[in-house]
$ cat data24.tsv   # TSV, C-alpha atoms
chain	number	residue	atom	x	y	z
A	137	MET	CA	-12.73	56.88	-15.03
A	138	SER	CA	-9.87	56.58	-12.52
A	139	PHE	CA	-12.48	56.05	-9.79
A	140	ASN	CA	-13.87	52.97	-11.56
A	141	ILE	CA	-10.40	51.67	-12.34
A	142	ALA	CA	-9.44	51.91	-8.66
A	143	LEU	CA	-12.63	50.08	-7.70
A	144	THR	CA	-11.71	47.16	-9.98
A	145	GLY	CA	-8.31	47.14	-8.33
A	146	LEU	CA	-9.81	46.98	-4.84
A	147	SER	CA	-12.16	44.17	-5.86
A	148	ALA	CA	-9.34	42.16	-7.39
A	149	VAL	CA	-7.02	42.66	-4.42
A	150	ASN	CA	-9.83	41.60	-2.07
A	151	GLU	CA	-10.07	38.27	-3.91
A	152	GLN	CA	-6.30	37.91	-3.78
A	153	LEU	CA	-6.32	38.55	-0.03
A	154	ASP	CA	-9.03	35.89	0.37
A	155	THR	CA	-6.87	33.37	-1.52
A	156	ILE	CA	-3.75	34.16	0.50
A	157	SER	CA	-5.69	34.04	3.77
A	158	ASN	CA	-7.09	30.62	2.82
A	159	ASN	CA	-3.59	29.37	2.00
A	160	ILE	CA	-2.22	30.56	5.34
A	161	ALA	CA	-5.17	29.08	7.23
A	162	ASN	CA	-4.49	25.67	5.63
A	163	VAL	CA	-0.73	25.60	6.14
A	164	GLY	CA	-1.27	22.65	8.51
A	165	THR	CA	-3.94	20.83	6.46
A	166	THR	CA	-2.84	17.41	5.22
A	167	GLY	CA	-2.72	17.15	1.43
A	168	PHE	CA	-3.73	20.79	0.88
A	169	LYS	CA	-2.58	22.49	-2.33
A	170	SER	CA	-2.01	26.23	-2.35
A	171	SER	CA	-3.92	28.51	-4.76
A	172	ARG	CA	-2.96	31.67	-6.60
A	173	THR	CA	-5.19	34.46	-7.92
A	174	GLU	CA	-4.60	35.26	-11.58
A	175	PHE	CA	-5.20	38.84	-12.82
A	176	GLY	CA	-5.95	40.23	-16.27
A	177	SER	CA	-6.29	43.75	-17.71
A	178	ILE	CA	-9.65	45.15	-18.82
A	179	TYR	CA	-9.69	47.17	-22.03
A	180	ALA	CA	-12.42	48.87	-24.05
A	181	ASP	CA	-10.81	49.06	-27.47
A	182	SER	CA	-7.48	50.63	-26.52
A	183	GLN	CA	-8.80	52.32	-23.38
A	184	ALA	CA	-7.60	50.82	-20.08
A	185	MET	CA	-10.56	50.04	-17.81
A	186	GLY	CA	-8.82	48.41	-14.84
A	187	VAL	CA	-8.15	44.85	-13.70
A	188	GLU	CA	-10.20	41.68	-13.31
A	189	VAL	CA	-9.68	38.27	-11.71
A	190	LEU	CA	-9.29	35.64	-14.40
A	191	GLY	CA	-9.53	32.80	-11.89
A	192	GLN	CA	-7.57	30.80	-9.38
A	193	THR	CA	-4.93	28.18	-10.13
A	194	GLN	CA	-3.86	25.47	-7.71
A	195	SER	CA	-0.37	24.00	-7.47
A	196	ILE	CA	-1.76	20.46	-7.61
A	197	SER	CA	1.37	18.86	-9.01
A	198	LYS	CA	3.61	20.38	-6.34
A	199	GLY	CA	4.03	17.87	-3.51
A	200	GLY	CA	4.28	18.66	0.16
A	201	SER	CA	6.82	17.23	2.57
A	202	LEU	CA	6.12	13.81	4.07
A	203	VAL	CA	5.89	13.49	7.83
A	204	THR	CA	5.90	10.23	9.80
A	205	THR	CA	2.89	9.53	12.03
A	206	GLY	CA	3.16	5.82	12.82
A	207	ARG	CA	-0.56	5.11	12.21
A	208	ASP	CA	-1.19	1.98	10.14
A	209	LEU	CA	-3.76	3.64	7.86
A	210	ASP	CA	-2.03	7.00	7.40
A	211	LEU	CA	-0.84	6.87	3.79
A	212	ALA	CA	1.26	9.22	1.68
A	213	ILE	CA	2.14	9.06	-2.01
A	214	SER	CA	5.83	9.57	-2.75
A	215	GLY	CA	5.48	10.68	-6.36
A	216	GLY	CA	2.56	11.06	-8.74
A	217	GLY	CA	-1.02	9.96	-8.29
A	218	PHE	CA	-4.14	10.48	-6.20
A	219	PHE	CA	-6.12	8.32	-3.82
A	220	VAL	CA	-9.60	7.55	-5.13
A	221	THR	CA	-12.52	7.93	-2.72
A	222	LYS	CA	-16.24	7.42	-3.23
A	223	ALA	CA	-18.89	9.56	-1.52
A	224	SER	CA	-22.25	8.19	-0.37
A	225	THR	CA	-23.74	9.71	-3.55
A	226	GLY	CA	-21.48	7.49	-5.65
A	227	ASN	CA	-19.34	10.38	-6.89
A	228	LEU	CA	-15.60	9.75	-7.12
A	229	ASN	CA	-13.13	12.23	-5.67
A	230	TYR	CA	-9.35	12.34	-5.96
A	231	THR	CA	-7.13	13.40	-3.09
A	232	ARG	CA	-3.59	13.42	-1.72
A	233	ALA	CA	-4.81	13.52	1.88
A	234	GLY	CA	-4.18	9.99	3.15
A	235	VAL	CA	-5.77	10.16	6.60
A	236	PHE	CA	-7.81	6.95	6.63
A	237	GLY	CA	-9.49	4.80	9.23
A	238	THR	CA	-12.28	2.24	9.34
A	239	ASP	CA	-16.02	2.65	9.87
A	240	LYS	CA	-18.38	0.34	11.76
A	241	SER	CA	-18.58	-1.98	8.75
A	242	ASN	CA	-14.77	-2.12	8.48
A	243	PHE	CA	-14.62	-0.15	5.23
A	244	ILE	CA	-11.52	2.04	4.89
A	245	VAL	CA	-12.78	5.65	4.93
A	246	ASN	CA	-11.49	9.20	5.26
A	247	ALA	CA	-12.68	11.76	7.81
A	248	ALA	CA	-15.64	12.69	5.58
A	249	GLY	CA	-16.81	9.09	5.43
A	250	GLN	CA	-15.79	8.60	1.80
A	251	ARG	CA	-14.66	5.06	1.08
A	252	LEU	CA	-11.17	4.37	-0.25
A	253	GLN	CA	-11.20	2.59	-3.60
A	254	GLY	CA	-9.01	-0.34	-4.56
A	255	TYR	CA	-8.89	-3.89	-5.80
A	256	PRO	CA	-10.70	-6.44	-3.57
A	257	ILE	CA	-10.00	-10.15	-3.08
A	258	ASP	CA	-12.19	-13.14	-3.83
A	259	ALA	CA	-13.19	-15.89	-1.40
A	260	SER	CA	-9.88	-17.64	-2.01
A	261	GLY	CA	-7.83	-14.55	-1.21
A	262	ASN	CA	-6.89	-13.83	-4.83
A	263	LEU	CA	-6.62	-10.19	-5.93
A	264	LEU	CA	-9.29	-9.04	-8.42
A	265	THR	CA	-7.27	-6.45	-10.32
A	266	GLY	CA	-9.92	-5.81	-12.95
A	267	THR	CA	-12.53	-4.48	-10.54
A	268	MET	CA	-12.18	-1.30	-8.44
A	269	SER	CA	-14.50	-1.12	-5.45
A	270	ASP	CA	-14.72	-0.08	-1.80
A	271	LEU	CA	-11.89	-1.56	0.27
A	272	GLN	CA	-13.17	-3.52	3.27
A	273	LEU	CA	-11.10	-5.28	5.92
A	274	GLN	CA	-11.94	-8.72	7.30
A	275	ASN	CA	-12.43	-8.37	11.04
A	276	ALA	CA	-12.76	-12.05	11.90
A	277	ASN	CA	-10.02	-14.10	13.51
A	278	LEU	CA	-8.05	-16.44	11.27
A	279	PRO	CA	-9.20	-20.07	11.62
A	280	ALA	CA	-6.68	-22.89	11.80
A	281	LYS	CA	-5.49	-24.51	8.60
A	282	ALA	CA	-4.13	-28.04	8.40
A	283	THR	CA	-0.73	-28.59	6.83
A	284	ASP	CA	-1.09	-30.13	3.37
A	285	SER	CA	2.30	-29.42	1.76
A	286	LEU	CA	5.96	-29.22	2.70
A	287	ALA	CA	8.60	-27.72	0.42
A	288	PHE	CA	11.78	-29.44	1.56
A	289	VAL	CA	15.10	-28.66	-0.15
A	290	MET	CA	18.23	-30.28	1.27
A	291	ASN	CA	21.70	-31.47	0.45
A	292	LEU	CA	22.63	-35.01	1.45
A	293	ASP	CA	26.34	-35.59	2.10
A	294	ALA	CA	27.76	-37.73	-0.70
A	295	ASN	CA	30.72	-38.59	1.57
A	296	GLU	CA	28.45	-40.56	3.91
A	297	THR	CA	28.65	-44.37	3.87
A	298	VAL	CA	25.93	-46.97	4.18
A	299	PRO	CA	25.27	-47.57	7.92
A	300	THR	CA	26.82	-50.80	9.14
A	301	VAL	CA	24.13	-51.30	11.75
A	302	ALA	CA	20.74	-52.58	10.57
A	303	PRO	CA	17.81	-52.58	10.58
A	304	PHE	CA	16.81	-48.89	10.79
A	305	ASP	CA	15.91	-47.78	14.30
A	306	PRO	CA	15.18	-44.09	15.06
A	307	ALA	CA	16.44	-44.66	18.61
A	308	ASN	CA	19.85	-45.75	17.29
A	309	ALA	CA	21.85	-43.02	15.52
A	310	ASP	CA	24.13	-45.65	14.00
A	311	THR	CA	21.28	-46.85	11.74
A	312	PHE	CA	20.72	-43.57	9.86
A	313	ASN	CA	22.86	-40.76	8.44
A	314	SER	CA	20.79	-37.60	8.92
A	315	THR	CA	17.49	-36.47	10.39
A	316	TYR	CA	15.28	-33.36	10.38
A	317	THR	CA	12.03	-32.45	12.19
A	318	THR	CA	9.32	-30.12	10.87
A	319	LYS	CA	6.38	-28.63	12.77
A	320	VAL	CA	2.99	-29.31	11.15
A	321	PHE	CA	-0.65	-28.59	12.12
A	322	ASP	CA	-3.87	-30.60	12.11
A	323	SER	CA	-7.39	-29.35	11.25
A	324	GLN	CA	-7.83	-27.85	14.74
A	325	GLY	CA	-4.51	-26.02	14.60
A	326	LYS	CA	-2.76	-28.34	17.07
A	327	GLU	CA	0.96	-28.84	16.52
A	328	HIS	CA	2.56	-32.12	15.52
A	329	THR	CA	6.07	-33.14	14.51
A	330	LEU	CA	6.99	-34.77	11.22
A	331	THR	CA	10.49	-36.23	11.43
A	332	GLN	CA	12.44	-37.51	8.43
A	333	TYR	CA	15.35	-39.94	8.77
A	334	PHE	CA	17.67	-40.31	5.79
A	335	VAL	CA	19.53	-43.61	5.36
A	336	LYS	CA	22.10	-44.14	2.62
A	337	THR	CA	21.47	-47.47	0.84
A	338	GLY	CA	24.08	-47.34	-1.92
A	339	ALA	CA	25.84	-45.12	-4.45
A	340	ASN	CA	23.46	-42.19	-5.16
A	341	THR	CA	20.52	-43.91	-3.40
A	342	TRP	CA	18.88	-43.14	-0.06
A	343	ASN	CA	15.75	-44.03	1.89
A	344	ALA	CA	13.61	-41.47	3.73
A	345	HIS	CA	11.73	-42.82	6.79
A	346	TYR	CA	8.79	-40.78	8.17
A	347	TYR	CA	7.69	-40.47	11.79
A	348	ALA	CA	4.78	-38.35	13.06
A	349	ASP	CA	4.83	-37.54	16.76
A	350	GLY	CA	7.38	-40.32	17.21
A	351	ALA	CA	5.35	-43.02	15.44
A	352	ALA	CA	6.26	-44.49	12.05
A	353	VAL	CA	3.92	-43.50	9.21
A	354	GLY	CA	3.93	-44.89	5.68
A	355	ALA	CA	6.62	-46.83	3.90
A	356	PRO	CA	10.18	-45.59	3.36
A	357	GLN	CA	10.65	-43.46	0.25
A	358	ALA	CA	13.59	-44.11	-2.07
A	359	LEU	CA	15.57	-41.03	-3.16
A	360	THR	CA	17.78	-41.33	-6.24
A	361	PHE	CA	20.42	-38.91	-7.53
A	362	ASN	CA	22.36	-38.84	-10.80
A	363	THR	CA	26.14	-38.70	-11.08
A	364	SER	CA	25.99	-34.88	-10.95
A	365	GLY	CA	24.19	-34.99	-7.61
A	366	GLN	CA	20.79	-33.89	-8.94
A	367	LEU	CA	17.61	-35.55	-7.68
A	368	THR	CA	16.04	-37.86	-10.26
A	369	ALA	CA	13.41	-39.62	-8.14
A	370	PRO	CA	10.85	-39.13	-6.83
A	371	ALA	CA	9.73	-36.72	-9.58
A	372	ALA	CA	6.51	-35.80	-7.74
A	373	PRO	CA	5.80	-34.88	-4.11
A	374	VAL	CA	5.56	-37.76	-1.63
A	375	THR	CA	2.33	-37.84	0.39
A	376	VAL	CA	2.78	-38.68	4.07
A	377	THR	CA	-0.47	-39.39	5.94
A	378	PHE	CA	-1.16	-39.81	9.65
A	379	SER	CA	-4.33	-39.66	11.76
A	380	PRO	CA	-4.19	-37.83	15.10
A	381	ALA	CA	-7.09	-38.52	17.47
A	382	GLY	CA	-10.18	-36.32	17.21
A	383	VAL	CA	-9.22	-34.47	14.02
A	384	ASP	CA	-9.18	-35.02	10.28
A	385	PRO	CA	-6.34	-37.12	8.89
A	386	VAL	CA	-3.28	-35.06	8.02
A	387	ALA	CA	-1.89	-35.59	4.52
A	388	VAL	CA	1.36	-33.75	3.80
A	389	ALA	CA	2.78	-33.65	0.27
A	390	VAL	CA	6.57	-33.52	0.77
A	391	ASP	CA	8.25	-31.93	-2.26
A	392	TYR	CA	11.99	-32.68	-2.59
A	393	ASN	CA	12.42	-30.70	-5.83
A	394	ARG	CA	15.87	-29.04	-6.14
A	395	SER	CA	17.40	-31.27	-3.45
A	396	THR	CA	20.98	-32.42	-4.12
A	397	GLN	CA	23.64	-34.92	-3.07
A	398	THR	CA	27.12	-33.38	-3.01
A	399	GLY	CA	30.31	-33.81	-1.07
A	400	SER	CA	29.38	-31.33	1.67
A	401	ASN	CA	27.57	-31.49	4.96
A	402	PHE	CA	23.87	-32.30	5.29
A	403	VAL	CA	21.93	-29.02	5.23
A	404	VAL	CA	18.30	-28.03	4.78
A	405	THR	CA	17.91	-24.80	2.80
A	406	THR	CA	14.11	-24.79	2.55
A	407	ASN	CA	11.67	-26.14	5.12
A	408	ARG	CA	8.38	-24.43	4.31
A	409	ALA	CA	5.23	-26.15	5.55
A	410	SER	CA	1.73	-24.85	4.90
A	411	GLY	CA	-0.86	-24.65	7.66
A	412	TYR	CA	-1.06	-22.72	10.90
A	413	ALA	CA	-2.84	-22.46	14.23
A	414	SER	CA	-5.78	-20.07	14.66
A	415	GLY	CA	-4.87	-16.43	15.24
A	416	GLU	CA	-6.33	-13.11	16.31
A	417	GLN	CA	-5.95	-10.02	14.18
A	418	ILE	CA	-3.35	-7.73	15.74
A	419	GLY	CA	-2.88	-5.04	13.11
A	420	ILE	CA	-2.98	-3.84	9.53
A	421	ALA	CA	-0.01	-3.31	7.22
A	422	VAL	CA	0.02	-1.50	3.86
A	423	GLU	CA	2.97	-2.24	1.57
A	424	LYS	CA	4.60	0.32	-0.72
A	425	ASP	CA	2.74	-1.20	-3.68
A	426	GLY	CA	-0.58	-0.56	-1.92
A	427	LYS	CA	-1.35	-4.15	-0.91
A	428	VAL	CA	-3.23	-4.24	2.41
A	429	TYR	CA	-2.54	-7.14	4.80
A	430	ALA	CA	-4.09	-8.16	8.10
A	431	ASN	CA	-1.51	-9.42	10.60
A	432	TYR	CA	-2.42	-12.20	13.03
A	433	SER	CA	-1.05	-13.39	16.37
A	434	ASN	CA	0.06	-16.71	14.85
A	435	GLY	CA	2.53	-14.91	12.61
A	436	GLU	CA	0.39	-15.20	9.48
A	437	ARG	CA	-0.73	-12.32	7.28
A	438	MET	CA	-3.67	-12.33	4.89
A	439	LEU	CA	-4.15	-10.11	1.85
A	440	GLN	CA	-7.17	-7.82	2.18
A	441	GLY	CA	-6.95	-5.89	-1.09
A	442	GLN	CA	-4.81	-3.32	-2.88
A	443	VAL	CA	-5.12	0.46	-2.88
A	444	ALA	CA	-5.77	1.89	-6.36
A	445	LEU	CA	-4.29	5.21	-7.49
A	446	ALA	CA	-5.43	7.61	-10.22
A	447	ASN	CA	-3.60	10.10	-12.41
A	448	PHE	CA	-4.60	12.46	-15.20
A	449	ALA	CA	-3.17	13.74	-18.45
A	450	ASN	CA	-3.89	17.30	-17.24
A	451	VAL	CA	-4.07	17.53	-13.45
A	452	GLY	CA	-4.52	21.29	-13.76
A	453	GLY	CA	-7.90	20.65	-15.36
A	454	LEU	CA	-9.34	18.98	-12.26
A	455	GLN	CA	-12.30	20.63	-10.56
A	456	ASN	CA	-11.41	21.85	-7.08
A	457	GLU	CA	-14.00	20.55	-4.62
A	458	SER	CA	-12.01	21.68	-1.59
A	459	GLY	CA	-8.39	22.36	-0.86
A	460	THR	CA	-7.73	18.61	-0.75
A	461	ASN	CA	-10.35	17.01	-3.03
A	462	TRP	CA	-10.78	17.21	-6.78
A	463	SER	CA	-13.14	15.76	-9.35
A	464	GLU	CA	-12.75	14.80	-13.00
A	465	THR	CA	-13.59	17.27	-15.77
A	466	SER	CA	-13.42	17.24	-19.56
A	467	GLU	CA	-10.24	19.33	-19.30
A	468	SER	CA	-8.49	16.87	-16.98
A	469	GLY	CA	-9.46	13.88	-19.07
A	470	ALA	CA	-10.52	10.48	-17.79
A	471	PRO	CA	-8.53	9.07	-14.87
A	472	ILE	CA	-5.71	6.60	-15.48
A	473	ILE	CA	-6.11	3.91	-12.82
A	474	GLY	CA	-3.18	1.85	-11.59
A	475	VAL	CA	-1.22	0.77	-8.52
A	476	ALA	CA	1.58	2.38	-6.56
A	477	GLY	CA	5.12	2.07	-7.86
A	478	VAL	CA	4.13	1.30	-11.46
A	479	GLY	CA	4.46	3.77	-14.35
A	480	VAL	CA	3.36	7.31	-13.44
A	481	PHE	CA	2.35	6.31	-9.92
A	482	GLY	CA	4.56	6.93	-6.90
A	483	GLU	CA	5.14	4.49	-4.07
A	484	LEU	CA	3.04	4.47	-0.92
A	485	ARG	CA	4.51	5.42	2.43
A	486	THR	CA	2.72	3.75	5.33
A	487	GLY	CA	2.47	5.58	8.63
A	488	ALA	CA	3.12	8.94	6.95
A	489	LEU	CA	1.15	11.90	5.61
A	490	GLU	CA	1.80	14.56	2.99
A	491	ASN	CA	1.88	18.05	4.47
A	492	SER	CA	0.35	21.11	2.86
A	493	ASN	CA	2.53	22.50	0.09
A	494	VAL	CA	1.91	26.08	1.26
A	495	ASP	CA	5.12	28.12	1.50
A	496	LEU	CA	4.30	30.32	4.49
A	497	THR	CA	7.11	32.80	3.80
A	498	GLN	CA	5.95	33.27	0.22
A	499	GLN	CA	2.36	33.75	1.37
A	500	LEU	CA	3.34	36.40	3.91
A	501	VAL	CA	5.31	38.27	1.25
A	502	GLY	CA	2.28	38.10	-1.03
A	503	LEU	CA	0.10	39.35	1.81
A	504	MET	CA	2.27	42.43	2.23
A	505	GLU	CA	2.24	43.10	-1.50
A	506	SER	CA	-1.54	42.80	-1.59
A	507	GLN	CA	-1.85	45.24	1.31
A	508	ARG	CA	0.32	47.75	-0.55
A	509	ASN	CA	-1.78	47.34	-3.69
A	510	TYR	CA	-4.92	47.79	-1.64
A	511	GLN	CA	-3.54	50.96	-0.08
A	512	ALA	CA	-2.47	52.27	-3.50
A	513	ASN	CA	-5.97	51.80	-4.93
A	514	THR	CA	-7.47	53.38	-1.83
A	515	LYS	CA	-5.13	56.35	-2.33
A	516	VAL	CA	-6.37	56.69	-5.92
A	517	LEU	CA	-9.95	56.90	-4.66
A	518	SER	CA	-8.97	59.46	-2.04
A	519	THR	CA	-7.09	61.57	-4.57
A	520	ASP	CA	-9.96	61.33	-7.05
A	521	LYS	CA	-12.32	62.59	-4.36
A	522	GLU	CA	-10.06	65.55	-3.54
A	523	LEU	CA	-9.71	66.46	-7.20
A	524	THR	CA	-13.45	66.30	-7.65
A	525	GLN	CA	-13.99	68.59	-4.66
A	526	VAL	CA	-11.42	71.06	-5.98
A	527	LEU	CA	-13.05	70.97	-9.42
A	528	PHE	CA	-16.52	71.68	-8.07
A	529	GLY	CA	-15.14	74.31	-5.65
A	530	ALA	CA	-13.54	76.14	-8.56
A	531	ILE	CA	-16.89	76.30	-10.31

$ encode --input "data24.tsv" --output "structure tokens"
Amino acid sequence: MSFNIALTGLSAVNEQLDTISNNIANVGTTGFKSSRTEFGSIYADSQAMGVEVLGQTQSISKGGSLVTTGRDLDLAISGGGFFVTKASTGNLNYTRAGVFGTDKSNFIVNAAGQRLQGYPIDASGNLLTGTMSDLQLQNANLPAKATDSLAFVMNLDANETVPTVAPFDPANADTFNSTYTTKVFDSQGKEHTLTQYFVKTGANTWNAHYYADGAAVGAPQALTFNTSGQLTAPAAPVTVTFSPAGVDPVAVAVDYNRSTQTGSNFVVTTNRASGYASGEQIGIAVEKDGKVYANYSNGERMLQGQVALANFANVGGLQNESGTNWSETSESGAPIIGVAGVGVFGELRTGALENSNVDLTQQLVGLMESQRNYQANTKVLSTDKELTQVLFGAI
């Protein structure tokens, strides 16, 4: 009986040694979660029969330390959640290993070729949050976009007086009170200047004169303020149109909303024009909320999609596919899909990876304990053999 009991002990310790060895081997594996062998006693009625391995448990919810790498597509989750990847078979896996790159089709993939899942964008660049699919980056350069709007918020100095010199002449500073120039772009991405000259015409009334590339365009626009200095007219944006040679006409809607007239110096607080020159893609940036942007040489950035994260009611019920990949089971429950930084999901760290959560010191201590247990069971077998020999020798 003791012989069989010792054999169960050796078998169980062997499995424990395998688990510990695997943990130690993966101490440097990104996103790896350590495992532990669970033992249970074997009984026949009240008779002890030895030990058995009940299974292995992984410390999935225990995070590893985050280390900075500097790579644009190295991602780490600071908090709860898993990255969602799709294999070529269509099966979804869940992982904390955020080592991603791009394949020949510009899909974001891990080292195994599984595609990272997230929310794509439509043709207009709007995020489609209701549909999770493969994340793909746009590799093309960014074409030029003509300026079509200008958000212009200013304060005109109420202390100014009506110019005594008339008529208005942009070459004569005595005929206007203030001026401001904005850079705009045509349909080919070429730069132009849109200059506004502000002339006080009376109490709480001004005229805005528009010049494109030094030439007058359109009629002057009257600006009216109430006694509190708030803009009352125009109530809608003012469209300024000019026609550079060889390109489409440029029509800029100038929005003066929130502009004021107070007893302080002329100042422009917002001068935000749409449009830009063409640009080449120079890099990728992933924000802490998982939004993926392409950066261009013209200073623009375009949304490419948003990384989706998954979580589970019972992460311990996930099926271990490898030390770093898991799949859904009935015990884990269906995945809860969301985005980083919201609810149960942690924030994303770009240019960083999550290290293995293996505690090497703890594993080495466990290794020594397992070796002692192995030796003890071996000693039982040796002693059992000696007793058997003595017993048969006495007969």

$ atom_distance --input "data24.tsv" --atom1 "atom CA of Val480 of chain A" --atom2 "atom CA of Lys198 of chain A"
14.9 Å

$ residues_around --input "data24.tsv" --residues "Asp270 of chain A" --least-positions-apart "3" --cutoff "8 Å" --atoms "all atoms listed in the file" --output "list in words"
Lys222, Phe243, Ile244, Arg251, Leu252, Gln253, Gly254 and Pro256 of chain A

$ residues_around --input "data24.tsv" --residues "segment 304-306 of chain A" --least-positions-apart "3" --cutoff "12 Å" --atoms "all atoms listed in the file" --output "list in words"
Val298, Pro299, Thr300, Val301, Ala309, Asp310, Thr311, Phe312, Asn313, Ser314, Thr315, Tyr316, Thr331, Gln332, Tyr333, Phe334, Val335, Lys336, Thr337, Asn343, Ala344, His345, Tyr346, Tyr347, Gly350, Ala351, Ala352 and Pro356 of chain A

$ atom_distance --input "data24.tsv" --atom1 "atom CA of Ala413 of chain A" --atom2 "atom CA of Leu271 of chain A"
26.7 Å

$ residues_around --input "data24.tsv" --residues "Glu464 of chain A" --least-positions-apart "2" --cutoff "12 Å" --atoms "all atoms listed in the file" --output "ChimeraX atom specification"
/A:218,220,227-231,446-457,461-462,466-472

$ axis_aligned_box --input "data24.tsv" --around "segment 162-180 of chain A" --padding-each-side "4 Å" --output "AutoDock Vina command-line options"
--center_x -6.6 --center_y 33.0 --center_z -7.8 --size_x 19.7 --size_y 39.7 --size_z 40.6

$ closest_residue --input "data24.tsv" --among "A:Phe219, A:Tyr255, A:Phe402, A:Phe236" --to "Asn295 of chain A" --atoms "only C-alpha atoms"
A:Phe402

$ closest_residue --input "data24.tsv" --among "A:Asn431, A:Thr205, A:Thr155, A:Gln250" --to "Val189 of chain A" --atoms "all atoms listed in the file"
A:Thr155
